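S.K.: Compact mmCIF, C-alpha atoms and all ligand atoms, file structure-v2.txt:
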```
# COMPACT_ATOMS: atom_id res chain seq x y z
CA MET A 23 0.00 0.00 0.00
CA LYS A 24 1.25 3.44 -0.95
CA ILE A 25 0.61 6.65 0.96
CA HIS A 26 0.98 10.35 0.23
CA GLU A 27 4.06 12.42 1.02
CA TYR A 28 2.32 14.33 3.84
CA GLN A 29 1.21 11.07 5.43
CA ALA A 30 4.67 9.52 5.11
CA LYS A 31 6.08 12.62 6.80
CA GLU A 32 3.55 12.24 9.63
CA VAL A 33 4.77 8.67 10.16
CA LEU A 34 8.48 9.50 9.87
CA ARG A 35 8.11 12.37 12.34
CA ARG A 36 7.00 9.83 14.97
CA PHE A 37 10.32 8.04 14.48
CA GLY A 38 12.34 11.18 15.03
CA VAL A 39 13.25 11.77 11.38
CA PRO A 40 14.09 15.47 11.00
CA LEU A 41 11.52 17.25 8.81
CA LEU A 42 10.25 20.73 8.14
CA ALA A 43 6.92 21.82 9.62
CA GLY A 44 3.98 21.58 7.25
CA GLY A 45 0.26 21.00 6.93
CA ALA A 46 -2.11 19.42 4.41
CA ALA A 47 -5.13 21.18 2.91
CA THR A 48 -7.91 20.49 0.45
CA THR A 49 -8.87 24.11 -0.28
CA PRO A 50 -6.87 27.28 -1.07
CA ASP A 51 -8.09 28.83 2.21
CA GLY A 52 -6.96 25.73 4.07
CA ALA A 53 -3.55 26.04 2.41
CA VAL A 54 -3.23 29.65 3.62
CA GLU A 55 -4.23 28.57 7.12
CA ALA A 56 -1.62 25.77 7.03
CA ALA A 57 1.04 28.25 5.87
CA GLY A 58 0.07 30.59 8.74
CA LYS A 59 0.59 27.77 11.25
CA VAL A 60 3.94 26.84 9.72
CA GLY A 61 5.06 30.46 10.02
CA GLY A 62 7.99 32.10 8.29
CA SER A 63 7.83 34.02 5.03
CA ILE A 64 8.58 31.42 2.39
CA TRP A 65 6.66 28.22 1.69
CA VAL A 66 6.52 25.38 -0.78
CA VAL A 67 3.10 24.18 -1.98
CA LYS A 68 3.20 20.53 -3.01
CA SER A 69 0.60 18.53 -4.96
CA GLN A 70 -0.21 15.27 -3.21
CA ILE A 71 -0.55 12.34 -5.62
CA HIS A 72 0.80 8.79 -5.50
CA ALA A 73 3.49 9.51 -8.06
CA GLY A 74 6.84 11.22 -8.17
CA GLY A 75 8.27 13.71 -10.62
CA ARG A 76 5.79 16.36 -9.45
CA GLY A 77 8.33 19.17 -9.53
CA LYS A 78 8.83 18.67 -13.25
CA GLY A 79 5.21 17.75 -13.91
CA ARG A 80 2.64 19.83 -15.76
CA PHE A 81 -1.04 20.48 -15.12
CA VAL A 82 -3.19 19.38 -18.03
CA GLU A 83 -5.39 22.45 -17.63
CA GLU A 84 -2.38 24.74 -18.00
CA VAL A 85 -0.84 23.09 -21.01
CA ASP A 86 -2.74 24.82 -23.79
CA ALA A 87 -1.63 25.82 -27.28
CA SER A 88 0.14 28.95 -26.10
CA ALA A 89 2.15 26.96 -23.56
CA ILE A 90 3.23 24.55 -26.25
CA ALA A 91 4.23 27.47 -28.50
CA LEU A 92 6.27 28.97 -25.65
CA ALA A 93 7.95 25.66 -24.98
CA ALA A 94 8.77 25.29 -28.68
CA ALA A 95 10.39 28.72 -28.54
CA GLY A 96 12.54 27.48 -25.65
CA LYS A 97 10.72 29.59 -23.05
CA ASP A 98 9.06 28.46 -19.85
CA ALA A 99 5.43 27.46 -20.14
CA PRO A 100 3.13 29.32 -17.72
CA GLY A 101 2.54 26.17 -15.65
CA LYS A 102 5.15 25.76 -12.94
CA GLY A 103 4.75 22.12 -12.02
CA GLY A 104 3.30 20.35 -9.02
CA VAL A 105 5.78 21.78 -6.47
CA ARG A 106 5.85 25.58 -6.24
CA LEU A 107 7.61 28.13 -4.13
CA ALA A 108 5.42 30.83 -2.55
CA ARG A 109 6.81 34.08 -1.15
CA SER A 110 3.58 35.38 0.36
CA LEU A 111 0.29 34.02 1.66
CA ASP A 112 -1.32 35.26 -1.56
CA GLU A 113 1.09 33.16 -3.57
CA VAL A 114 0.29 30.16 -1.35
CA ARG A 115 -3.41 30.65 -2.14
CA GLU A 116 -2.68 31.12 -5.84
CA SER A 117 -0.53 27.99 -6.09
CA ALA A 118 -3.00 25.88 -4.12
CA ALA A 119 -5.83 27.08 -6.37
CA ALA A 120 -3.76 26.25 -9.44
CA MET A 121 -3.27 22.67 -8.19
CA LEU A 122 -6.44 21.58 -6.39
CA GLY A 123 -8.96 19.89 -8.63
CA LYS A 124 -6.48 19.88 -11.52
CA THR A 125 -4.81 16.95 -13.24
CA LEU A 126 -1.06 16.66 -12.86
CA VAL A 127 0.93 14.75 -15.46
CA THR A 128 4.42 13.57 -14.48
CA LYS A 129 6.89 10.98 -15.79
CA GLN A 130 5.33 8.50 -13.40
CA THR A 131 1.60 9.11 -13.89
CA GLY A 132 1.20 8.19 -17.56
CA ASP A 133 -0.44 10.58 -20.01
CA GLU A 134 -3.76 10.60 -18.22
CA GLY A 135 -2.20 12.16 -15.10
CA LYS A 136 -3.62 12.21 -11.59
CA LEU A 137 -6.18 14.50 -10.00
CA VAL A 138 -4.81 16.60 -7.14
CA ARG A 139 -7.21 16.56 -4.17
CA THR A 140 -4.80 17.63 -1.43
CA VAL A 141 -1.82 19.96 -1.21
CA TYR A 142 0.88 19.99 1.41
CA VAL A 143 2.26 23.35 2.50
CA GLU A 144 5.75 23.21 3.96
CA GLY A 145 8.26 25.77 5.06
CA GLY A 146 10.77 26.76 2.37
CA CYS A 147 14.23 25.43 2.97
CA ASP A 148 17.67 26.84 2.24
CA ILE A 149 19.11 23.88 0.39
CA ASP A 150 22.87 23.42 0.17
CA ARG A 151 22.95 19.90 -1.30
CA GLU A 152 20.29 17.50 -2.57
CA LEU A 153 21.04 13.83 -1.92
CA TYR A 154 19.19 10.60 -2.58
CA LEU A 155 18.26 7.86 -0.14
CA SER A 156 16.10 4.78 -0.44
CA VAL A 157 15.54 1.73 1.69
CA LEU A 158 14.15 -1.51 0.40
CA LEU A 159 14.23 -5.23 0.88
CA ASP A 160 16.95 -6.95 -1.11
CA ARG A 161 15.37 -10.37 -1.48
CA SER A 162 18.43 -12.03 -2.98
CA ASN A 163 20.52 -11.09 0.08
CA HIS A 164 17.66 -11.48 2.59
CA ARG A 165 18.49 -8.05 3.96
CA ILE A 166 17.26 -4.52 4.14
CA LEU A 167 19.29 -2.40 1.76
CA PHE A 168 20.09 1.31 2.02
CA MET A 169 20.89 2.97 -1.29
CA ALA A 170 22.24 6.49 -1.34
CA SER A 171 23.68 8.89 -3.83
CA GLU A 172 25.11 12.38 -3.93
CA ALA A 173 23.20 12.90 -7.14
CA GLY A 174 19.86 13.53 -5.46
CA GLY A 175 16.99 15.70 -6.60
CA MET A 176 14.78 15.06 -9.50
CA ASP A 177 16.62 12.76 -11.93
CA ILE A 178 17.72 9.72 -9.95
CA GLU A 179 16.42 7.30 -12.61
CA GLU A 180 18.97 8.69 -15.05
CA VAL A 181 21.77 8.38 -12.49
CA ALA A 182 20.83 4.73 -11.91
CA GLU A 183 20.89 4.08 -15.63
CA HIS A 184 23.99 5.99 -16.71
CA SER A 185 26.29 5.96 -13.66
CA PRO A 186 25.23 3.12 -11.34
CA ASP A 187 28.57 3.45 -9.48
CA ALA A 188 27.35 6.76 -8.08
CA ILE A 189 24.87 4.79 -5.96
CA LYS A 190 26.24 3.51 -2.65
CA LYS A 191 24.76 0.42 -1.06
CA VAL A 192 24.75 -0.75 2.54
CA TRP A 193 23.12 -4.00 3.65
CA ILE A 194 21.76 -4.26 7.19
CA ASN A 195 22.25 -7.27 9.43
CA PRO A 196 18.77 -8.04 10.79
CA VAL A 197 20.14 -9.05 14.19
CA THR A 198 22.15 -5.92 14.91
CA GLY A 199 20.10 -3.43 12.89
CA LEU A 200 21.59 -0.30 11.36
CA GLY A 201 24.78 0.26 13.36
CA GLY A 202 25.93 3.78 14.18
CA TRP A 203 29.15 3.02 12.26
CA GLN A 204 27.15 2.09 9.17
CA ALA A 205 25.08 5.26 9.38
CA ARG A 206 28.29 7.32 9.70
CA GLN A 207 29.82 5.43 6.77
CA LEU A 208 26.76 6.26 4.67
CA ALA A 209 26.88 9.91 5.73
CA PHE A 210 30.60 10.15 4.84
CA GLY A 211 29.94 8.42 1.55
CA LEU A 212 27.44 11.17 0.81
CA GLY A 213 30.05 13.84 1.44
CA ILE A 214 28.47 14.94 4.72
CA ARG A 215 31.03 16.39 7.14
CA GLY A 216 31.31 18.07 10.53
CA GLY A 217 28.27 18.59 12.74
CA ALA A 218 25.92 17.53 9.96
CA VAL A 219 27.10 13.90 10.35
CA ARG A 220 25.27 13.56 13.67
CA ASN A 221 22.10 14.91 12.09
CA ALA A 222 22.43 12.47 9.22
CA VAL A 223 22.88 9.53 11.61
CA LYS A 224 19.75 10.55 13.50
CA LEU A 225 17.80 10.69 10.24
CA LEU A 226 19.12 7.35 8.97
CA GLN A 227 18.38 5.56 12.22
CA GLY A 228 14.87 7.01 12.34
CA ILE A 229 14.26 5.83 8.79
CA TYR A 230 15.52 2.35 9.61
CA ARG A 231 13.27 2.05 12.67
CA ALA A 232 10.28 3.30 10.67
CA TYR A 233 11.03 0.79 7.92
CA VAL A 234 11.15 -2.17 10.29
CA GLU A 235 8.39 -1.18 12.70
CA CYS A 236 5.90 -0.20 9.99
CA ASP A 237 6.64 -3.27 7.83
CA CYS A 238 7.59 -1.12 4.87
CA SER A 239 8.52 -2.48 1.50
CA MET A 240 10.10 0.81 0.42
CA ILE A 241 11.04 4.23 1.77
CA GLU A 242 12.47 6.78 -0.61
CA ILE A 243 13.75 10.20 0.41
CA ASN A 244 14.53 12.22 -2.70
CA PRO A 245 15.83 14.72 -2.00
CA LEU A 246 17.46 14.22 1.33
CA VAL A 247 18.90 17.69 1.85
CA VAL A 248 21.74 19.26 3.74
CA THR A 249 20.84 22.86 4.51
CA LYS A 250 23.22 25.80 4.61
CA GLY A 251 22.96 25.60 8.42
CA GLY A 252 24.04 21.93 8.50
CA ASP A 253 20.61 20.41 9.12
CA VAL A 254 19.88 17.13 7.37
CA LEU A 255 16.22 16.86 6.37
CA ALA A 256 13.85 14.58 4.49
CA LEU A 257 12.40 17.03 1.98
CA ASP A 258 10.36 14.48 0.06
CA ALA A 259 9.12 11.10 1.31
CA LYS A 260 7.66 8.05 -0.36
CA MET A 261 6.61 5.12 1.75
CA THR A 262 5.12 1.78 0.72
CA PHE A 263 3.89 -0.89 3.12
CA ASP A 264 3.87 -4.63 2.72
CA ASP A 265 0.18 -5.48 2.14
CA ASN A 266 0.62 -8.82 3.90
CA ALA A 267 1.45 -7.01 7.14
CA MET A 268 -1.33 -4.40 7.05
CA PHE A 269 -3.47 -6.47 9.41
CA ARG A 270 -1.17 -5.43 12.25
CA HIS A 271 -1.10 -1.75 11.31
CA LYS A 272 -4.70 -0.59 11.58
CA ASP A 273 -3.55 3.01 12.10
CA LEU A 274 -1.54 2.99 8.87
CA ALA A 275 -4.41 1.35 6.97
CA GLU A 276 -6.39 4.57 7.61
CA TYR A 277 -3.99 6.38 5.29
CA ARG A 278 -5.29 4.40 2.34
CA ASP A 279 -6.51 6.66 -0.47
CA GLU A 280 -8.74 4.61 -2.75
CA HIS A 281 -8.84 7.45 -5.30
CA GLU A 282 -5.24 6.60 -6.09
CA GLU A 283 -5.87 2.92 -6.68
CA ASP A 284 -7.15 0.95 -9.64
CA PRO A 285 -10.94 0.52 -9.05
CA ALA A 286 -10.78 -3.02 -10.46
CA GLU A 287 -8.07 -3.95 -7.96
CA ILE A 288 -10.14 -2.51 -5.08
CA GLU A 289 -13.19 -4.51 -6.19
CA ALA A 290 -11.05 -7.65 -6.51
CA ALA A 291 -9.68 -7.20 -2.99
CA LYS A 292 -13.27 -7.06 -1.64
CA TRP A 293 -13.88 -10.49 -3.13
CA ASN A 294 -10.54 -11.88 -1.94
CA LEU A 295 -9.29 -12.27 -5.48
CA SER A 296 -5.63 -11.69 -6.35
CA TYR A 297 -5.88 -9.40 -9.35
CA VAL A 298 -3.29 -7.28 -11.08
CA ASN A 299 -4.18 -5.22 -14.11
CA LEU A 300 -1.70 -5.55 -17.03
CA ASP A 301 -1.34 -4.02 -20.48
CA GLY A 302 -2.39 -6.85 -22.82
CA ASN A 303 -5.77 -7.83 -24.24
CA ILE A 304 -6.40 -11.40 -23.10
CA GLY A 305 -8.27 -11.53 -19.80
CA CYS A 306 -7.36 -14.55 -17.67
CA MET A 307 -9.33 -16.24 -14.93
CA VAL A 308 -7.30 -18.95 -13.25
CA ASN A 309 -7.17 -20.72 -9.90
CA GLY A 310 -3.84 -20.90 -8.16
CA ALA A 311 -1.00 -18.42 -8.51
CA GLY A 312 1.30 -20.96 -10.20
CA LEU A 313 -1.28 -21.89 -12.81
CA ALA A 314 -2.03 -18.20 -13.35
CA MET A 315 1.68 -17.54 -13.99
CA SER A 316 1.97 -20.41 -16.45
CA THR A 317 -1.21 -19.29 -18.19
CA MET A 318 0.29 -15.83 -18.64
CA ASP A 319 3.55 -17.40 -19.84
CA ILE A 320 1.88 -19.52 -22.48
CA ILE A 321 -0.17 -16.56 -23.75
CA LYS A 322 3.09 -14.68 -24.20
CA MET A 323 4.75 -17.69 -25.82
CA LYS A 324 1.93 -17.72 -28.34
CA GLY A 325 2.74 -14.12 -29.20
CA ALA A 326 -0.07 -12.36 -27.30
CA GLU A 327 -0.22 -10.39 -24.03
CA PRO A 328 -2.30 -11.06 -20.90
CA ALA A 329 -4.61 -8.26 -19.73
CA ASN A 330 -4.34 -9.28 -16.11
CA PHE A 331 -3.17 -11.72 -13.51
CA LEU A 332 -6.16 -13.17 -11.70
CA ASP A 333 -6.09 -15.95 -9.16
CA VAL A 334 -9.58 -16.77 -7.89
CA GLY A 335 -8.03 -18.87 -5.15
CA GLY A 336 -8.47 -22.48 -4.13
CA GLY A 337 -11.93 -22.39 -2.61
CA ALA A 338 -13.82 -19.78 -4.63
CA GLY A 339 -17.61 -20.02 -4.83
CA LYS A 340 -20.02 -19.01 -7.56
CA ASP A 341 -20.24 -15.38 -6.40
CA GLN A 342 -16.49 -14.95 -6.46
CA VAL A 343 -16.29 -16.41 -9.93
CA SER A 344 -19.01 -14.00 -11.10
CA ALA A 345 -17.16 -11.09 -9.51
CA ALA A 346 -13.93 -12.15 -11.20
CA PHE A 347 -15.70 -12.30 -14.52
CA ARG A 348 -17.24 -8.84 -14.03
CA ILE A 349 -13.84 -7.39 -13.17
CA ILE A 350 -12.21 -8.88 -16.27
CA THR A 351 -14.96 -7.68 -18.61
CA SER A 352 -14.92 -4.17 -17.11
CA ASP A 353 -11.44 -3.67 -18.63
CA PRO A 354 -12.01 -2.09 -22.05
CA ASN A 355 -8.69 -3.54 -23.31
CA VAL A 356 -9.93 -7.10 -22.96
CA LYS A 357 -10.60 -8.58 -26.41
CA GLY A 358 -10.91 -12.20 -25.32
CA ILE A 359 -11.10 -14.24 -22.09
CA LEU A 360 -9.36 -17.43 -21.13
CA VAL A 361 -10.75 -19.36 -18.18
CA ASN A 362 -8.25 -21.97 -17.06
CA ILE A 363 -9.32 -23.99 -14.02
CA PHE A 364 -7.84 -27.00 -12.38
CA GLY A 365 -10.48 -28.46 -10.09
CA GLY A 366 -8.89 -29.60 -6.87
CA ILE A 367 -10.73 -28.36 -3.83
CA MET A 368 -12.67 -26.19 -6.23
CA LYS A 369 -15.10 -28.08 -8.40
CA CYS A 370 -15.33 -27.45 -12.13
CA ASP A 371 -19.15 -27.51 -12.11
CA VAL A 372 -19.15 -24.59 -9.65
CA ILE A 373 -16.88 -22.66 -11.99
CA ALA A 374 -19.11 -23.47 -14.95
CA GLU A 375 -22.15 -22.17 -13.08
CA GLY A 376 -20.29 -19.06 -11.99
CA VAL A 377 -19.24 -18.33 -15.57
CA ILE A 378 -22.81 -18.79 -16.85
CA ALA A 379 -24.28 -16.57 -14.11
CA ALA A 380 -21.70 -13.89 -14.83
CA VAL A 381 -22.28 -13.99 -18.58
CA HIS A 382 -26.02 -13.64 -18.03
CA GLU A 383 -25.40 -10.68 -15.75
CA VAL A 384 -22.78 -8.72 -17.69
CA GLY A 385 -23.18 -10.12 -21.20
CA LEU A 386 -20.35 -11.41 -23.34
CA SER A 387 -19.05 -9.35 -26.21
CA VAL A 388 -15.66 -11.03 -26.64
CA PRO A 389 -14.61 -14.63 -27.37
CA LEU A 390 -14.44 -16.89 -24.32
CA VAL A 391 -12.28 -20.01 -24.11
CA VAL A 392 -12.80 -22.33 -21.16
CA ARG A 393 -10.51 -25.11 -20.11
CA LEU A 394 -11.64 -27.24 -17.19
CA SER A 395 -9.61 -30.06 -15.73
CA GLY A 396 -9.71 -32.07 -12.50
CA THR A 397 -12.61 -32.51 -10.07
CA ASN A 398 -15.99 -32.67 -11.85
CA ALA A 399 -14.45 -31.47 -15.12
CA ASP A 400 -16.87 -33.56 -17.19
CA LEU A 401 -19.87 -32.23 -15.30
CA GLY A 402 -18.57 -28.69 -15.78
CA LYS A 403 -18.10 -29.19 -19.52
CA GLU A 404 -21.58 -30.65 -19.78
CA ILE A 405 -23.11 -27.65 -17.98
CA LEU A 406 -21.34 -25.28 -20.37
CA SER A 407 -22.29 -27.19 -23.49
CA ASN A 408 -25.95 -27.24 -22.44
CA THR A 409 -26.21 -23.46 -22.65
CA ASP A 410 -26.63 -21.37 -25.75
CA LEU A 411 -23.55 -19.36 -24.82
CA ASP A 412 -20.83 -19.08 -27.40
CA ILE A 413 -18.04 -20.75 -25.45
CA ILE A 414 -14.97 -22.30 -27.07
CA PRO A 415 -14.03 -25.43 -25.09
CA ALA A 416 -10.44 -26.63 -24.75
CA SER A 417 -8.91 -29.70 -23.13
CA THR A 418 -5.25 -28.79 -22.63
CA LEU A 419 -3.58 -25.54 -21.68
CA GLU A 420 -1.83 -25.38 -25.04
CA GLU A 421 -5.09 -25.89 -26.93
CA ALA A 422 -6.76 -23.21 -24.81
CA ALA A 423 -3.95 -20.72 -25.44
CA ASP A 424 -3.99 -21.39 -29.18
CA ALA A 425 -7.76 -20.97 -29.27
CA ILE A 426 -7.87 -17.64 -27.45
CA VAL A 427 -4.91 -16.16 -29.32
CA LYS A 428 -6.53 -17.14 -32.61
CA ALA A 429 -9.91 -15.78 -31.48
CA VAL A 430 -8.56 -12.31 -30.65
CA GLY A 431 -6.50 -12.32 -33.83
CA ALA A 432 -3.24 -11.47 -32.02
P1 LIG B 1 8.98 15.36 -6.74
O1 LIG B 1 10.01 14.37 -6.40
O2 LIG B 1 7.63 14.73 -6.87
O3 LIG B 1 9.34 16.22 -7.91
P2 LIG B 1 9.86 16.85 -4.38
O4 LIG B 1 9.18 16.89 -3.08
O5 LIG B 1 11.09 16.03 -4.44
O6 LIG B 1 8.81 16.37 -5.49
O7 LIG B 1 10.18 18.34 -4.81
C1 LIG B 1 10.87 18.66 -5.99
C2 LIG B 1 11.97 19.65 -5.70
O8 LIG B 1 11.40 20.81 -5.10
C3 LIG B 1 13.01 19.15 -4.72
O9 LIG B 1 14.04 18.44 -5.36
C4 LIG B 1 13.50 20.44 -4.10
O10 LIG B 1 14.50 21.02 -4.90
C5 LIG B 1 12.28 21.35 -4.14
N1 LIG B 1 11.60 21.37 -2.81
C6 LIG B 1 10.69 20.49 -2.34
N2 LIG B 1 10.28 20.81 -1.11
C7 LIG B 1 10.96 21.92 -0.77
C8 LIG B 1 11.01 22.76 0.40
N3 LIG B 1 10.26 22.52 1.48
N4 LIG B 1 11.84 23.85 0.36
C9 LIG B 1 12.61 24.11 -0.72
N5 LIG B 1 12.62 23.38 -1.82
C10 LIG B 1 11.81 22.29 -1.86
MG MG B 2 11.19 13.95 -4.91
```
As a first step, turn the structure in this file into structure tokens.

M.R.:
Amino acid sequence: MKIHEYQAKEVLRRFGVPLLAGGAATTPDGAVEAAGKVGGSIWVVKSQIHAGGRGKGRFVEEVDASAIALAAAGKDAPGKGGVRLARSLDEVRESAAAMLGKTLVTKQTGDEGKLVRTVYVEGGCDIDRELYLSVLLDRSNHRILFMASEAGGMDIEEVAEHSPDAIKKVWINPVTGLGGWQARQLAFGLGIRGGAVRNAVKLLQGIYRAYVECDCSMIEINPLVVTKGGDVLALDAKMTFDDNAMFRHKDLAEYRDEHEEDPAEIEAAKWNLSYVNLDGNIGCMVNGAGLAMSTMDIIKMKGAEPANFLDVGGGAGKDQVSAAFRIITSDPNVKGILVNIFGGIMKCDVIAEGVIAAVHEVGLSVPLVVRLSGTNADLGKEILSNTDLDIIPASTLEEAADAIVKAVGA
């Protein structure tokens, strides 16, 4: 589960990570009020969406023909991105009004962008250096990994691609945790010197504790800044939690923002279905994660692309099967559906009935291939063949894949 920057900062603050004061708002007036509480005379207004690259993003509403003409002439377009400096309360209001209710397009949002519903107003900071820090689980080494680079700021992806040596890595022993010596080593590696080292160590240890105690899968601080006064601060924060551990973090679960999530994935979660939306056009309904993976593999081997991963689970009933079917057909990219079920605990006749009920409910406008094998497979096939539905039966996985790929004309 992902959360917004302002929420991540709320969490990190509890772990003693040094941050600037700030407040979230959903209206321009609220933004001015938040700026008043923060105090000072310079603020940064930040669009809150579950995507990075906001600073260099553009609001769809502001990118009109004249902006494009300006850009072509090498001049700045009037839009100033999703992170803006404000030198007065009026400018705070203006920036918040320019962001709220508008669609922000960044490198990470795709062309359709994301609607900004909340802004975060933070004190402006006198940045000396912008560094990069991220923490994640390195599965191949079974350890938490800190990655840091002096080339922080807005283009870390390019650094990773073109000069991977500029990224320093430190693996953490799970028994001893992040040692003070390791934190100091990281700080030195980042060119931090003098009194700022202690501040960096405090930040790194706070981040480590937050990562472990909140069951994170990723924390990214980009930029991690050193100020002119030697403070070390997390200026941006991305935090992702391991979904499998959310049951023990009810407080963090409250941070969930369903607006940011794929509606089909939310619906699937309600029905206990493992569903991941993908880019292809063949919808798959399969039971068992392994069978789902091999079904996707064979579709690819046959030269086509799966539209989703969907595991209905071992003990799905008719209602779950119907829900799965509805979710698959709600994806406009789906040009054909492959149902591939191995009846073990789950009986093939139940699947057949679920498919029929779903087709009656939502209709069927694309070819449907069904392969049933295992418990009550014959009964299931009989149920399907006794309907007037246009279903293409298949006996083996290979036959099923060939049939659906041919049917969608891929
Ligand atoms: P994103 O990564 O989505 O572009 P950031 O929060 O990293 O958004 O902000 C982009 C840039 O804006 C930062 O690299 C930094 O230079 C500047 N910035 C962000 N917050 C502040 C702040 N509070 N004070 C001064 N500059 C800031
Ligand atoms: Mg950033």

S.K.: Could you please extract the residues within 6 Å of ligand LIG 1 (chain B), counting all atoms listed in the file, and hand them back as a list in words?

M.R.: Val66, Gly74, Gly75, Arg76, Gly77, Lys78, Val105, Glu144, Gly145, Gly146, Cys147, Gly175, Met176, Asn244, Pro245, Leu257 and Asp258 of chain A

S.K.: Quick one, how far is atom CA of Leu419 of chain A from atom CA of Glu375 of chain A?

M.R.: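 Distance between the two atoms: 20.7 Å.
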
S.K.: Pick out the residues sitting within 6 Å of segment 325-332 of chain A, and hand them over as a list in words; count all atoms listed in the file, and ignore anything fewer than 5 positions along from it in its own chain.

M.R.: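 Final neighbour list, sorted by chain and number: Ser296, Tyr297, Val298, Asn299, Leu300, Asp301, Gly302, Asn303, Ile304, Gly305, Met307, Met318 and Ala432 of chain A.
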
S.K.: Would you work out the distance separating atom CA of Arg270 of chain A from atom CA of Asp284 of chain A, expressed in Å to one decimal?

M.R.: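 Calculated distance between atom CA of Arg270 of chain A and atom CA of Asp284 of chain A is 23.6 Å.
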
S.K.: Counting all atoms listed in the file, figure out which residue out of A:Asp265, A:Glu183, A:Asp160, A:Glu242 gets nearest to ligand MG 2 (chain B).

M.R.: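 Among the listed residues, the smallest separation from ligand MG 2 (chain B) belongs to A:Glu242.
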
S.K.: How would segment 144-149 of chain A read, as an mmCIF file, keeping the file's coordinate frame, once all heavy atoms are built in?

M.R.:
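Result file rebuild_15.cif:
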```
data_model
loop_
_atom_site.group_PDB
_atom_site.id
_atom_site.type_symbol
_atom_site.label_atom_id
_atom_site.label_comp_id
_atom_site.auth_asym_id
_atom_site.auth_seq_id
_atom_site.Cartn_x
_atom_site.Cartn_y
_atom_site.Cartn_z
ATOM 1 N N GLU A 144 4.587 23.441 3.092
ATOM 2 C CA GLU A 144 5.750 23.210 3.960
ATOM 3 C C GLU A 144 6.605 24.460 3.957
ATOM 4 O O GLU A 144 6.586 25.228 2.995
ATOM 5 C CB GLU A 144 6.512 22.043 3.350
ATOM 6 C CG GLU A 144 7.622 21.493 4.194
ATOM 7 C CD GLU A 144 8.212 20.248 3.531
ATOM 8 O OE1 GLU A 144 8.930 20.399 2.533
ATOM 9 O OE2 GLU A 144 7.959 19.155 4.033
ATOM 10 N N GLY A 145 7.351 24.637 5.014
ATOM 11 C CA GLY A 145 8.260 25.770 5.060
ATOM 12 C C GLY A 145 9.299 25.656 3.944
ATOM 13 O O GLY A 145 9.700 24.554 3.588
ATOM 14 N N GLY A 146 9.726 26.786 3.391
ATOM 15 C CA GLY A 146 10.770 26.760 2.370
ATOM 16 C C GLY A 146 12.104 26.508 3.035
ATOM 17 O O GLY A 146 12.317 26.893 4.186
ATOM 18 N N CYS A 147 13.000 25.868 2.321
ATOM 19 C CA CYS A 147 14.230 25.430 2.970
ATOM 20 C C CYS A 147 15.426 25.911 2.153
ATOM 21 O O CYS A 147 15.395 25.941 0.924
ATOM 22 C CB CYS A 147 14.146 23.919 3.074
ATOM 23 S SG CYS A 147 15.651 23.054 3.156
ATOM 24 N N ASP A 148 16.483 26.311 2.883
ATOM 25 C CA ASP A 148 17.670 26.840 2.240
ATOM 26 C C ASP A 148 18.606 25.686 1.911
ATOM 27 O O ASP A 148 19.463 25.308 2.718
ATOM 28 C CB ASP A 148 18.337 27.804 3.248
ATOM 29 C CG ASP A 148 19.095 28.889 2.530
ATOM 30 O OD1 ASP A 148 19.100 28.873 1.289
ATOM 31 O OD2 ASP A 148 19.679 29.743 3.235
ATOM 32 N N ILE A 149 18.427 25.126 0.739
ATOM 33 C CA ILE A 149 19.110 23.880 0.390
ATOM 34 C C ILE A 149 20.575 24.135 -0.004
ATOM 35 O O ILE A 149 20.858 25.005 -0.811
ATOM 36 C CB ILE A 149 18.402 23.189 -0.799
ATOM 37 C CG1 ILE A 149 16.946 22.886 -0.439
ATOM 38 C CG2 ILE A 149 19.146 21.926 -1.216
ATOM 39 C CD1 ILE A 149 16.102 22.380 -1.591
#
```
